[in-house]
Structures are given as structure tokens and as C-alpha cells.
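Q: My structure is below; once you've seen it, I'll send some questions.
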2 protein chains.
Amino acid sequence: MALVVQKYGGSSVADAACMINVAERIRRTRERGDQVVVVVSAMGDATDDLIELAKQVNPDPDPREMDMLLATGEQVSIAILTMALHRLGVPAISLTGPQAGIFAEGIHLKGRIRDVRPERIWRALRENKVVIVAGFQGLDSSDDIVTLGRGGSDMTAVALAWALKADCCQFYKDVPGVFTADPRIVPEARKLDSISYDEMLELASMGAAVLQSRAVEFASAYRVPLEVLSSFEDRPGTRVCEETPDMEKIIVRGVAADTQQAKITLMEVPDRPGIAAAIFTAMANAGINVDMIVLNVRAQGQRADLSFTVPVTDLKTALKVVGEVVPEVASTGVTHDADIALVSIVGVGMRSHSGVAARMFSALARHGIDIQMISTSEIKISVVIAKSQAAEAVRVLHREFELDRESATPRARRRAASPARSRARRTR
Amino acid sequence: MALVVQKYGGSSVADAACMINVAERIRRTRERGDQVVVVVSAMGDATDDLIELAKQVNPDPDPREMDMLLATGEQVSIAILTMALHRLGVPAISLTGPQAGIFAEGIHLKGRIRDVRPERIWRALRENKVVIVAGFQGLDSSDDIVTLGRGGSDMTAVALAWALKADCCQFYKDVPGVFTADPRIVPEARKLDSISYDEMLELASMGAAVLQSRAVEFASAYRVPLEVLSSFEDRPGTRVCEETPDMEKIIVRGVAADTQQAKITLMEVPDRPGIAAAIFTAMANAGINVDMIVLNVRAQGQRADLSFTVPVTDLKTALKVVGEVVPEVASTGVTHDADIALVSIVGVGMRSHSGVAARMFSALARHGIDIQMISTSEIKISVVIAKSQAAEAVRVLHREFELDRESATPRARRRAASPARSRARRTR
């Protein structure tokens with residue numbers, strides 16, 4: 001008997017019919033003999049509707065009160081899903097985040113999980129019940145509800161899987177798994193059987209946004225086995241797991257494009273210690289998440305351009321912050337461009353294969369795609385190009401690295417075919 | 001400085017505009033220097049919408065899960081109202097029932113308040129905040145949310161007013177107060193300046209339904225001063241308070257009709273100890289609230305008809321229960337009639353005035369209104385008549401007892417003009 005944590009996102013529980021579908025799926029898991037703990041998000045647009053209602057009475061609502069308001073979305077979901085399970089004859093109980101022992105800390109709307117004390121979940125499991133837990137919420141030390149930010153339900157699921165020493169944490173989505181590229185852009189994109197935590201993290205931060213980054217980071221740190229799969233089909237999805245030697249045989253696992261970024265360039269920044277610190281401290285203080293940063297000083301002491309990307313929604317604020325910092329850092333001017341795309345190839349195989357970057361740049365050049373910025377990490381190469389060429393760039397790279405060829409991963413596939421639930425239960 | 005508990009029902013907080021209106025009213029109360037604790041219901045149809053959603057996944061949802069679901073309605077209200085207050089610059093904080101220290105017991109959906117430990121409310125009041133509390137909900141000993149049944153928010157308000165030793169508990173409604181009769185039936189009906197707890201109780205149980213009976217009973221037992229007033233006007237409403245000698249000068253305080261009752265008659269029930277007990281124990285076990293009961297045995301040992309009224313919505317169940325009991329009690333048959341109305345006159349003055357019943361029956365007779373059942377209490381006389389004559393009966397009795405004449409209550413009016421908040425603060 002395995003213990004599985006299943007997480008269903010908003011689109012999987014959009015209405016009563018979806019809830020019944022999810023209940024059926026949970027029943028099937030139970031019929032295989034597994035214990036199930038379920039984490040649910042708010043139904044469909046519930047969270048957005050609540051935000052809209054708040055704006056009608058106050059354009060700048062207090063975060064504590066927003067948390068009080070938003071937490072109701074998940075509370076409705078857990079009650080409705082539990083009722084749907086009862087209708088199918090499955091014993092079940094709903095628990096709010098606080099009841100499930102999820103303790104949070106930090107500021108409202110952006111809380112973090114501090115501790116999980118799942119005594120009540122254990123009790124319910126011993127009573128042979130399915131436990132339905134409200135995602136996205138916890139209790140802080142003042143006895144107040146704190147929500148965990150966008151995607152926080154993913155974090156709830158991983159933290160519970162860790163605390164319960166679950167055999168697997170499954171994320172049910174409206175897609176069948178993680179793909180080599182966005183299938184809407186690349187029709188021949190393939191679903192991956194497995195992917196390493198690090199690769200998943202790089203894809204999540206790219207806006208492929210299949211799982212919340214913090215949740216993947218946590219899962220990686222504590223080795224919580226994840227799986228991403230469809231709530232509308234009954235097929236294995238993509239396992240997210242520790243890297244195996246097999247994985248390195250694949251140079252590139254996936255290609256992703258992020259068209260929601262804008263580029264800011266500070267021209268002729270003097271080469272002096274503390275300049276970058278001044279700029280990016282100001283950005284962090286303004287709550288802006290800077291992604292790519294490129295600085296290339298020709299020779300010590302010479303001025304050089306400094307470029308970086310920010311979410312396009314933060315561009316206005318970022319420019320204001322930069323405007324305040326520019327005199328301080330003595331840059332000669334600031335330019336910006338919102339018509340860009342960040343295109344990346346990701347794969348742990350890059351570590352052991354050379355010439356990957358050259359191959360990427362050549363392929364793009366052959367198709368007349370101009371590269372504006374380049375940044376590399378150990379397992380990712382990212383370039384900034386014109387937004388209008390993003391889709392073409394993704395298709396070119398998908399072809400170049402033969403991501404449509406399934407035969408490229410013979411052993412990885414075989415491994416993935418053995419379901420996660422057959423893994424030995426870790427000692428508690 | 002007085003401490004006032006204000007309760008706003010669903011129609012007073014139906015949408016964002018209503019919420020802003022309520023926030024303005026709270027601000028005005030504060031500007032008079034009062035401390036304010038507010039109890040709110042769910043917005044408009046929110047509770048009904050949640051019930052509808054539940055029915056879509058399960059026609060017979062588990063009461064615990066219904067409580068989990070329904071409690072979100074009030075939680076949305078407290079957050080939105082608090083945000084609206086912040087927008088007006090009024091410091092405020094929302095608290096769920098459990099956070100406010102409302103402890104409940106009993107079965108789900110029909111909980112009762114077991115205890116109020118308002119430490120957190122006191123703390124917020126000391127911080128000069130308006131405290132917005134979710135009505136209708138409390139925490140039980142299993143750490144679960146329990147709701148207090150229909151009208152439970154009234155109970156929350158009265159219990160808080162008691163625990164906080166508030167100077168007044170104000171109920172804001174979509175009507176300006178308690179009337180001598182329903183103004184839709186009797187255009188010349190007058191708003192009462194004051195009414196005794198007992199009179200209010202008799203009117204509440206008559207379906208005038210201005211305040212929940214349990215809340216009035218509790219207020220009466222612990223002498224919590226109440227006031228019923230309009231959330232849409234800025235005028236004094238009706239005070240509900242201890243009986244004063246003045247009050248007895250008015251024979252009849254009000255007339256009410258309840259057309260949501262049905263009559264059941266057991267014919268020729270034998271006169272034997274335990275018969276009535278058998279029938280009404282069976283009714284109570286089925287959760288049916290029996291209102292009027294009339295039995296009139298001609299002579300000891302003779303059979304007589306036993307009639308009683310039940311809410312028309314419970315008629316079907318009641319007939320089933322009666323059907324099971326009839327052989328046991330050896331009645332010769334059962335008849336029922338859903339086309340009835342219960343019409344009552346209520347007033348503490350009846351205690352000291354004779355001939356009130358005769359005057360009531362004569363007035364009805366003069367207008368050709370036939371009386372089917374009669375029942376009297378110390379301060380109420382009720383008759384069952386044909387439903388089609390209910391409105392006419394109310395008008396006839398309103399005229400007969402001169403309820404349109406304001407001059408009938410000179411002293412009571414003067415007393416009512418001194419606002420409740422000027423009452424000496426009781427010691428805490």
C-alpha cells in the first residue's frame with residue numbers, strides 16, 4: 001500500500017462536473033489500494049472573482065484581509081470535492097490548511113510554509129479516509145490565515161508529501177505532462193517520460209510554468225518524487241526525479257520561450273565595484289524579479305553596457321527604479337525593449353557534451369534569427385531575440401536537437417514505465 | 001464611550017455598494033465616539049448559491065462538509081467589509097467565528113454557542129480597531145467549524161454583546177424596525193419605538209421573523225438591550241428591552257399572520273395519558289417544529305379531536321410520522337389542511353386587561369371570518385383561519401385595537417427617544 005499526494009489545480013476543479021471527474025479519479029487510486037491525500041486549488045476563476053470583488057470596495061486592499069478573502073476559494077473546493085467523494089461512497093474528510101497542520105510565516109499573500117504537523121491527517125488516514133486539504137493556505141503565529149502566493153497549492157502538496165513521507169506527489173493538470181516544447185508552437189513536441197528536478201526548475205523559471213519553482217526546489221532538496229499528469233486522461237505523465245546517469249545521454253531535454261519579458265539596458269556603466277549591487281538591490285526592494293543579466297566589460301576599468309530582463313508587467317516600475325539609480329551609477333543612458341523573447345534550451349546532458357552553445361547559435365543564425373543577449377548556466381543556454389521570431393526559434397531548436405525523436409531516450413523510457421507508486425515506501 | 005455590537009444581515013451586505021454603505025454607517029457610529037463590533041451574514045444569496053453548488057455534486061451532502069462550505073460565505077463578507085472600512089480610513093480587522101472566540105457545540109448545521117472567549121476582540125478594540133466578526137459560525141471541540149442554523153448570525157451578535165457587556169446590540173435590516181403589523185398588508189401600520197422581549201419572541205415565532213427566536217430568548221435571559229433598525233435610513237428603530245409598567249397600558253402591541261403553516265387533525269383520539277406525548281415525541285424526533293396545539297376533551301374518558309399546526313414545508317413528513325403513530329394512539333383518522341393562516345395579537349397589556357379575546361373574536365365574526373382553532377398564552381391570542389382571509393383579518397384586528405394611533409403610547413415614545421447608547425455602561 002502506497003501513500004500518494006495528489007494535487008488538482010483550478011482548471012481540474014473548474015465546476016461541479018470537473019469535481020465529479022476528480023472524485024472518480026481519486027476513487028480509482030483508492031481501489032488500487034493506495035492511501036490518498038488530495039490538495040486542491042480554488043475552483044476555476046474563483047480566486048480572480050474574489051480579487052475583482054475586493055477591488056470594488058478598495059483598490060488597494062490590506063494583504064491580511066485579502067488572505068482572509070482568498071482562503072475561502074480553496075475552502076469551497078475541499079468541501080465540494082469531499083461531498084462528491086461521499087456521493088461515490090468513498091469515505092473522505094476535508095481539512096483547511098490550518099486544520100491539516102500547515103503552519104506559515106512571512107508576509108500576507110506571500111507566505112512560506114514554516115512547518116507541517118500532519119497529526120490530523122494521520123488520524124483521518126488511519127480511519128481509512130481520503131483527506132482533502134485546502135492548498136495555498138496556512139496559519140501564522142498570530143492565528144491568522146496566510147496564503148502562499150500564486151502557485152502556492154503546489155508548495156502545499158510537496159510539503160505534505162514530504163511531511164507524510166509519501167511515495168509520490170502527483171500534479172494533475174489540463175496537459176498530459178511536460179513536453180519537449182510547447183505543443184501549440186511545435187506540433188511534433190513529445191511528452192517526456194521523466195525529467196530531473198534541475199531541468200524542471202529551469203523550465204519553470206522560463207515561464208513554461210508547469211509547476212511552481214519553489215515547490216520544485218523544495219522537492220529537489222528533500223528528494224520528493226513528483227509526477228505531472230493529466231486530470232482528463234488515464235495515462236502516465238512525466239516523472240520529476242533525481243538525475244540518473246541515463247539522463248545525461250540526452251543533451252537537450254526541452255526548448256522553451258518566454259515572451260513575457262522586457263529588456264532594459266544601462267549604457268556605458270563605469271566598471272566600479274558595487275555598481276551591479278546598487279542596481280539590483282533597488283530592483284529587489286521594488287519587488288521586481290530580474291531574470292537574465294548580461295554584463296561584458298571589455299577591459300578592466302572600461303565602461304560597458306549592462307542589460308537585464310524583467311517581467312513585462314514590471315517594466316514601468318523597473319524603469320522608474322533605474323531612473324533613480326542611474327545618476328548614482330553614472331550610466332550615460334537607459335534604453336528598453338518590450339518586443340523580445342527569451343528562448344532557452346535545457347538539459348543536464350550539456351554538462352558532459354561540448355559544442356551545444358555553438359550548435360544552438362549556428363542553427364538560429366542559419367534561419368536569420370539575430371541574438372541580442374546570451375546567458376548560460378550549467379544546464380541551460382538562453383538567448384534574447386526579437387519577440388516576432390520566438391516561435392520560429394523554438395521550432396528550429398526543437399528540430400536541431402532532434403527532440404521529436406523518441407528513440408533518443410531508450411533507457412529513460414523503460415524506467416519511466418514502472419509507475420512511481422511501486423517505489424519502496426521510505427521509512428517514516 | 002459606549003460599546004455597540006451591530007449586526008448586518010444578508011440583504012444589508014448584498015453587494016459591493018451595500019458594503020460601502022454599511023462601512024459609512026460604521027464610520028458614523030465611531031465618529032460619535034463609540035467602540036464598534038460588527039457581525040455580518042453572507043452577502044445576499046451567497047449561502048443559497050453555495051447550497052445549490054453542493055446539491056450539484058451530492059443531493060444529500062454531509063453536514064460537516066456543508067458547514068465547511070457555508071462558513072466561507074461569512075468569511076468573504078468580513079474581509080470585504082473590512083476592506084471597505086480601510087478605504088474610508090477606519091482601522092478595522094476581520095475575525096472568523098473561531099478567531100473571535102466563538103465556541104460551538106451540538107450537531108453540524110444546527111450548532112449552539114457553548115462559550116465566547118473574546119480575548120482577541122478586546123485586544124483589537126484596545127488597538128482602536130473596529131472588529132468585524134463572521135456570524136453563524138463557531139469552533140467545536142474537534143477543531144471543526146460548526147454553523148448555527150438559519151438566523152444564527154443574530155445569535156452570534158447577541159452572544160458577543162453579552163460576552164463584551166455591550167451597551168446595545170443593534171440589528172440592521174431592510175426594514176426600519178418592528179411594526180404593529182406587516183406594512184405590506186396594513187398600510188397604516190406604525191413602527192414601534194419599543195417592544196418587550198416577550199412580545200418580540202411571540203412575534204418572532206409568528207413568522208414576523210424580524211429576529212431569530214433563540215437570539216431574543218438569550219437576550220431576554222441575560223438582559224441584553226437590542227434595537228432593530230434600517231441599514232438604509234438614519235433613524236432610530238425599535239428597541240427590544242425589559243418590560244416597563246408603561247408597556248402594560250398598550251393592550252395589543254402588534255398583529256401578525258403566518259401563512260406558512262398547515263393544520264393536521266387526529267380525529268377522535270381516546271382520552272388516555274401518554275397519547276399527546278407519543279405524538280409529539282414522534283414529531284420532535286423527526287425534527288418537526290409544532291406550533292399551535294389544540295385539544296378539547298368534552299368530558300373525562302371521552303374521545304376528542306386533536307389538532308396542531310406544523311410548517312407547511314414539513315407537512316409531508318409530519319403526515320408520515322402521524323401515519324405511523326395513529327394505530328398506536330387509536331385515532332379514527334387524520335385530516336390535514338394547508339390552506340390556513342395563523343393570526344395572532346400580541347401584547348403584555350393583555351395580562352392586566354380582560355375581554356381582549358372576546359373583542360378579537362367579535363371583530364373577526366363581524367367580518368365573516370370563521371375561526372377554526374384558538375390558542376392563548378399570557379400575552380398572545382392566536383387563531384387559525386382560512387388562508388384567503390389572512391390579510392383581511394390582520395387589517396380588521398389592527399383597526400379594532402387602534403394600532404394606527406400613535407397617541408396610545410405617549411410615555412413609551414419619550415423613553416425610546418433617548419438613544420440606547422446613552423445608557424450607563426454596565427460594569428465589566
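Labeling convention for the C-alpha cells: chains A, B, ... as they appear, residues from 1 per chain, ligands from 1 in order of appearance.
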Quick one: everything within 8 Å of stretch 194-207 of chain B, counting only C-alpha atoms, minus sequence neighbours fewer than 3 positions away in the same chain. Send it as a ChimeraX atom specification.

A: /B:210-213,216-217,219-220,238-243,247,253-254,256-258,342,344,346-348,379-380,412-413,416

Q: Would you tabulate, counting only C-alpha atoms, all residues of chain B that have an atom at most 10 Å from an atom of chain A, showing the closest pair of atoms and their distance in Å to one decimal, sorted by chain then ascending number, as a tab-separated table?

A:
residue	atom	partner	partner_atom	distance
B:Asp15	CA	A:Leu53	CA	8.8
B:Ala16	CA	A:Val57	CA	6.0
B:Ala17	CA	A:Val57	CA	7.7
B:Cys18	CA	A:Val57	CA	9.9
B:Met19	CA	A:Val57	CA	7.6
B:Ile20	CA	A:Val57	CA	6.6
B:Ala23	CA	A:Val57	CA	9.9
B:Leu50	CA	A:Val76	CA	8.3
B:Leu53	CA	A:Ala16	CA	7.1
B:Ala54	CA	A:Ile80	CA	6.1
B:Lys55	CA	A:Met83	CA	9.1
B:Gln56	CA	A:Ala16	CA	6.1
B:Val57	CA	A:Ala84	CA	5.1
B:Asn58	CA	A:Arg87	CA	5.7
B:Pro59	CA	A:Arg87	CA	8.3
B:Asp60	CA	A:Arg87	CA	8.2
B:Pro61	CA	A:Met83	CA	5.7
B:Asp62	CA	A:Met83	CA	6.7
B:Pro63	CA	A:Met83	CA	9.7
B:Arg64	CA	A:Ala79	CA	8.8
B:Glu65	CA	A:Ala79	CA	5.2
B:Met66	CA	A:Ala79	CA	7.0
B:Asp67	CA	A:Ala79	CA	8.5
B:Met68	CA	A:Ala79	CA	6.0
B:Leu69	CA	A:Val76	CA	5.2
B:Leu70	CA	A:Val76	CA	8.2
B:Ala71	CA	A:Thr72	CA	8.6
B:Thr72	CA	A:Thr72	CA	5.3
B:Gly73	CA	A:Thr72	CA	8.1
B:Glu74	CA	A:Thr72	CA	9.6
B:Gln75	CA	A:Leu69	CA	6.6
B:Val76	CA	A:Leu69	CA	5.2
B:Ser77	CA	A:Leu69	CA	8.3
B:Ile78	CA	A:Leu69	CA	8.2
B:Ala79	CA	A:Glu65	CA	5.2
B:Ile80	CA	A:Ala54	CA	6.1
B:Leu81	CA	A:Val57	CA	8.1
B:Thr82	CA	A:Glu65	CA	7.2
B:Met83	CA	A:Pro61	CA	5.7
B:Ala84	CA	A:Val57	CA	5.1
B:Leu85	CA	A:Asn58	CA	8.8
B:His86	CA	A:Asn58	CA	7.8
B:Arg87	CA	A:Asn58	CA	5.6
B:Leu88	CA	A:Asn58	CA	9.1
B:Ala92	CA	A:Glu65	CA	9.9
B:Ile93	CA	A:Glu65	CA	7.8
B:Ser94	CA	A:Glu65	CA	7.1
B:Leu95	CA	A:Met68	CA	8.6
B:Thr96	CA	A:Met68	CA	8.7
B:Pro98	CA	A:Asp143	CA	10.0
B:Gln99	CA	A:Asp143	CA	7.4
B:Asp143	CA	A:Gln99	CA	7.4
B:Asp144	CA	A:Gln99	CA	8.1

Q: As a PyMOL selection string, please: all residues of stretch 184-242 of chain B that backbone DSSP puts in strand (DSSP E).

A: chain B and resi 194-196+226-230+238-241

Q: Neighbouring residues of A:Leu192 were defined as those with any atom within 8 Å, considering only C-alpha atoms; residues of the same chain fewer than 4 positions away were excluded. Please report them as a PyMOL selection string.

A: chain A and resi 177-180+237-238

Q: Store the residues picked out above, limited to C-alpha atoms, as a compact mmCIF listing (two decimals), in the first residue's frame.

A:
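Below you can see out20.txt, which holds the result:
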# COMPACT_ATOMS: atom_id res chain seq x y z
CA GLY A 177 2.79 16.11 -18.76
CA VAL A 178 5.95 18.07 -19.51
CA PHE A 179 6.76 18.41 -23.21
CA THR A 180 9.96 18.91 -25.16
CA GLY A 237 2.58 11.62 -17.14
CA THR A 238 6.08 12.98 -16.64

Q: Just the residues within 10 Å of B:Ile107, please, counting only C-alpha atoms, with nothing from its chain fewer than 4 positions along; format it as number ranges by chain.

A: B: 63-64, 111-112, 140, 146-148

Q: Just the selected residues (C-alpha atoms), exported as an mmCIF file, in the first residue's frame, please.

A:
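Final file, result_8.cif:
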data_model
loop_
_atom_site.group_PDB
_atom_site.id
_atom_site.type_symbol
_atom_site.label_atom_id
_atom_site.label_comp_id
_atom_site.auth_asym_id
_atom_site.auth_seq_id
_atom_site.Cartn_x
_atom_site.Cartn_y
_atom_site.Cartn_z
ATOM 1 C CA PRO B 63 -23.486 18.230 7.416
ATOM 2 C CA ARG B 64 -19.840 18.651 8.456
ATOM 3 C CA GLY B 111 -24.851 24.166 16.348
ATOM 4 C CA ARG B 112 -25.279 26.153 19.528
ATOM 5 C CA ASP B 140 -16.324 22.818 18.136
ATOM 6 C CA VAL B 146 -19.995 24.376 13.117
ATOM 7 C CA THR B 147 -22.700 26.703 11.813
ATOM 8 C CA LEU B 148 -25.567 27.858 13.987
#

Q: What is the distance between atom CA of A:Asp370 and atom CA of A:Glu400, in Å to one decimal?

A: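 One can read the atom CA of A:Asp370 to atom CA of A:Glu400 distance as 16.8 Å.
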
Q: So, counting only C-alpha atoms, which residue among B:Gly89, B:Pro183, B:Gly10, B:Pro225 is closest to B:Glu24?

A: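 Result for the nearest residue to B:Glu24: B:Gly89.
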
Q: Among stretch 61-201 of chain A, which ones does DSSP assign to alpha helix (DSSP H) (computed from the backbone)? Answer as an mmCIF file with N, CA and C atoms, in the first residue's frame.

A:
data_model
loop_
_atom_site.group_PDB
_atom_site.id
_atom_site.type_symbol
_atom_site.label_atom_id
_atom_site.label_comp_id
_atom_site.auth_asym_id
_atom_site.auth_seq_id
_atom_site.Cartn_x
_atom_site.Cartn_y
_atom_site.Cartn_z
ATOM 1 N N PRO A 63 -3.346 43.299 2.695
ATOM 2 C CA PRO A 63 -2.972 41.896 2.416
ATOM 3 C C PRO A 63 -3.575 40.906 3.412
ATOM 4 N N ARG A 64 -3.637 41.265 4.702
ATOM 5 C CA ARG A 64 -4.222 40.325 5.670
ATOM 6 C C ARG A 64 -5.668 40.026 5.295
ATOM 7 N N GLU A 65 -6.412 41.057 4.906
ATOM 8 C CA GLU A 65 -7.818 40.856 4.558
ATOM 9 C C GLU A 65 -7.952 40.117 3.229
ATOM 10 N N MET A 66 -7.010 40.353 2.305
ATOM 11 C CA MET A 66 -7.031 39.587 1.054
ATOM 12 C C MET A 66 -6.841 38.105 1.363
ATOM 13 N N ASP A 67 -5.953 37.792 2.285
ATOM 14 C CA ASP A 67 -5.740 36.389 2.658
ATOM 15 C C ASP A 67 -7.015 35.793 3.258
ATOM 16 N N MET A 68 -7.673 36.585 4.133
ATOM 17 C CA MET A 68 -8.933 36.136 4.724
ATOM 18 C C MET A 68 -9.938 35.806 3.616
ATOM 19 N N LEU A 69 -9.958 36.677 2.597
ATOM 20 C CA LEU A 69 -10.899 36.522 1.480
ATOM 21 C C LEU A 69 -10.519 35.344 0.580
ATOM 22 N N LEU A 70 -9.265 35.342 0.124
ATOM 23 C CA LEU A 70 -8.846 34.348 -0.869
ATOM 24 C C LEU A 70 -8.896 32.923 -0.331
ATOM 25 N N ALA A 71 -8.634 32.758 0.966
ATOM 26 C CA ALA A 71 -8.619 31.412 1.554
ATOM 27 C C ALA A 71 -9.979 30.719 1.404
ATOM 28 N N THR A 72 -11.045 31.490 1.223
ATOM 29 C CA THR A 72 -12.362 30.868 1.072
ATOM 30 C C THR A 72 -12.459 30.073 -0.223
ATOM 31 N N GLY A 73 -11.708 30.471 -1.252
ATOM 32 C CA GLY A 73 -11.763 29.775 -2.545
ATOM 33 C C GLY A 73 -11.415 28.305 -2.394
ATOM 34 N N GLU A 74 -10.320 28.025 -1.711
ATOM 35 C CA GLU A 74 -9.892 26.634 -1.511
ATOM 36 C C GLU A 74 -10.824 25.916 -0.542
ATOM 37 N N GLN A 75 -11.380 26.668 0.418
ATOM 38 C CA GLN A 75 -12.266 26.030 1.399
ATOM 39 C C GLN A 75 -13.542 25.526 0.725
ATOM 40 N N VAL A 76 -14.037 26.279 -0.243
ATOM 41 C CA VAL A 76 -15.199 25.817 -1.021
ATOM 42 C C VAL A 76 -14.822 24.539 -1.764
ATOM 43 N N SER A 77 -13.660 24.535 -2.399
ATOM 44 C CA SER A 77 -13.222 23.373 -3.184
ATOM 45 C C SER A 77 -13.150 22.097 -2.351
ATOM 46 N N ILE A 78 -12.537 22.182 -1.169
ATOM 47 C CA ILE A 78 -12.354 20.958 -0.373
ATOM 48 C C ILE A 78 -13.703 20.388 0.066
ATOM 49 N N ALA A 79 -14.648 21.286 0.413
ATOM 50 C CA ALA A 79 -15.964 20.797 0.844
ATOM 51 C C ALA A 79 -16.682 20.119 -0.318
ATOM 52 N N ILE A 80 -16.666 20.770 -1.486
ATOM 53 C CA ILE A 80 -17.385 20.227 -2.642
ATOM 54 C C ILE A 80 -16.772 18.898 -3.088
ATOM 55 N N LEU A 81 -15.433 18.819 -3.132
ATOM 56 C CA LEU A 81 -14.792 17.572 -3.571
ATOM 57 C C LEU A 81 -15.092 16.444 -2.580
ATOM 58 N N THR A 82 -15.098 16.767 -1.299
ATOM 59 C CA THR A 82 -15.401 15.741 -0.286
ATOM 60 C C THR A 82 -16.837 15.245 -0.440
ATOM 61 N N MET A 83 -17.760 16.167 -0.683
ATOM 62 C CA MET A 83 -19.151 15.757 -0.916
ATOM 63 C C MET A 83 -19.251 14.855 -2.150
ATOM 64 N N ALA A 84 -18.508 15.188 -3.195
ATOM 65 C CA ALA A 84 -18.536 14.380 -4.427
ATOM 66 C C ALA A 84 -18.002 12.976 -4.142
ATOM 67 N N LEU A 85 -16.976 12.877 -3.298
ATOM 68 C CA LEU A 85 -16.436 11.562 -2.930
ATOM 69 C C LEU A 85 -17.451 10.760 -2.111
ATOM 70 N N HIS A 86 -18.106 11.433 -1.175
ATOM 71 C CA HIS A 86 -19.133 10.753 -0.373
ATOM 72 C C HIS A 86 -20.205 10.166 -1.277
ATOM 73 N N ARG A 87 -20.569 10.948 -2.310
ATOM 74 C CA ARG A 87 -21.599 10.509 -3.267
ATOM 75 C C ARG A 87 -21.187 9.195 -3.936
ATOM 76 N N GLU A 119 -0.760 15.676 12.202
ATOM 77 C CA GLU A 119 -1.378 14.695 13.106
ATOM 78 C C GLU A 119 -2.817 14.381 12.676
ATOM 79 N N ARG A 120 -3.558 15.433 12.321
ATOM 80 C CA ARG A 120 -4.969 15.199 11.995
ATOM 81 C C ARG A 120 -5.112 14.421 10.683
ATOM 82 N N ILE A 121 -4.174 14.626 9.761
ATOM 83 C CA ILE A 121 -4.191 13.861 8.503
ATOM 84 C C ILE A 121 -3.934 12.387 8.806
ATOM 85 N N TRP A 122 -2.912 12.123 9.640
ATOM 86 C CA TRP A 122 -2.625 10.728 10.005
ATOM 87 C C TRP A 122 -3.846 10.060 10.617
ATOM 88 N N ARG A 123 -4.517 10.823 11.510
ATOM 89 C CA ARG A 123 -5.680 10.246 12.185
ATOM 90 C C ARG A 123 -6.741 9.858 11.164
ATOM 91 N N ALA A 124 -7.000 10.767 10.218
ATOM 92 C CA ALA A 124 -8.020 10.505 9.201
ATOM 93 C C ALA A 124 -7.610 9.335 8.300
ATOM 94 N N LEU A 125 -6.319 9.243 7.984
ATOM 95 C CA LEU A 125 -5.847 8.127 7.149
ATOM 96 C C LEU A 125 -6.033 6.802 7.888
ATOM 97 N N ARG A 126 -5.759 6.832 9.188
ATOM 98 C CA ARG A 126 -5.961 5.613 9.980
ATOM 99 C C ARG A 126 -7.424 5.197 9.998
ATOM 100 N N GLY A 152 0.845 28.566 -4.893
ATOM 101 C CA GLY A 152 1.141 28.102 -3.541
ATOM 102 C C GLY A 152 0.589 26.719 -3.238
ATOM 103 N N SER A 153 -0.464 26.315 -3.977
ATOM 104 C CA SER A 153 -1.017 24.976 -3.740
ATOM 105 C C SER A 153 -0.006 23.897 -4.114
ATOM 106 N N ASP A 154 0.833 24.158 -5.118
ATOM 107 C CA ASP A 154 1.896 23.209 -5.471
ATOM 108 C C ASP A 154 2.811 23.009 -4.269
ATOM 109 N N MET A 155 3.122 24.126 -3.610
ATOM 110 C CA MET A 155 4.007 24.085 -2.443
ATOM 111 C C MET A 155 3.343 23.280 -1.324
ATOM 112 N N THR A 156 2.043 23.502 -1.110
ATOM 113 C CA THR A 156 1.318 22.736 -0.087
ATOM 114 C C THR A 156 1.452 21.238 -0.359
ATOM 115 N N ALA A 157 1.259 20.855 -1.626
ATOM 116 C CA ALA A 157 1.290 19.434 -1.981
ATOM 117 C C ALA A 157 2.670 18.835 -1.715
ATOM 118 N N VAL A 158 3.716 19.527 -2.133
ATOM 119 C CA VAL A 158 5.072 18.981 -1.953
ATOM 120 C C VAL A 158 5.429 18.917 -0.466
ATOM 121 N N ALA A 159 5.052 19.964 0.280
ATOM 122 C CA ALA A 159 5.368 19.975 1.711
ATOM 123 C C ALA A 159 4.635 18.839 2.433
ATOM 124 N N LEU A 160 3.372 18.608 2.041
ATOM 125 C CA LEU A 160 2.629 17.498 2.651
ATOM 126 C C LEU A 160 3.263 16.165 2.279
ATOM 127 N N ALA A 161 3.631 16.014 1.000
ATOM 128 C CA ALA A 161 4.248 14.754 0.552
ATOM 129 C C ALA A 161 5.523 14.493 1.355
ATOM 130 N N TRP A 162 6.261 15.567 1.628
ATOM 131 C CA TRP A 162 7.484 15.438 2.414
ATOM 132 C C TRP A 162 7.150 15.044 3.858
ATOM 133 N N ALA A 163 6.216 15.779 4.470
ATOM 134 C CA ALA A 163 5.904 15.548 5.883
ATOM 135 C C ALA A 163 5.306 14.155 6.096
ATOM 136 N N TYR A 197 14.927 17.207 -11.506
ATOM 137 C CA TYR A 197 14.472 18.404 -10.775
ATOM 138 C C TYR A 197 15.084 19.672 -11.376
ATOM 139 N N ASP A 198 16.409 19.613 -11.644
ATOM 140 C CA ASP A 198 17.095 20.814 -12.129
ATOM 141 C C ASP A 198 16.550 21.262 -13.472
ATOM 142 N N GLU A 199 16.306 20.301 -14.352
ATOM 143 C CA GLU A 199 15.746 20.652 -15.656
ATOM 144 C C GLU A 199 14.349 21.260 -15.486
ATOM 145 N N MET A 200 13.569 20.655 -14.608
ATOM 146 C CA MET A 200 12.212 21.142 -14.355
ATOM 147 C C MET A 200 12.257 22.576 -13.829
ATOM 148 N N LEU A 201 13.201 22.825 -12.946
ATOM 149 C CA LEU A 201 13.348 24.169 -12.376
ATOM 150 C C LEU A 201 13.657 25.183 -13.455
#

Q: Give me, as a ChimeraX atom specification, all polymer residues having an atom no more than 8 Å from A:Lys173, counting only C-alpha atoms and skipping those fewer than 3 positions away in the same chain.

A: /A:8-9,11-12,176-177,228-231

Q: Which one of A:Ala330, A:Ala341, A:Ile185, A:Val224 sits closest to A:Ala304 if you count only C-alpha atoms?

A: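 Between A:Ala330, A:Ala341, A:Ile185, A:Val224, the residue approaching A:Ala304 most closely is A:Ala330.
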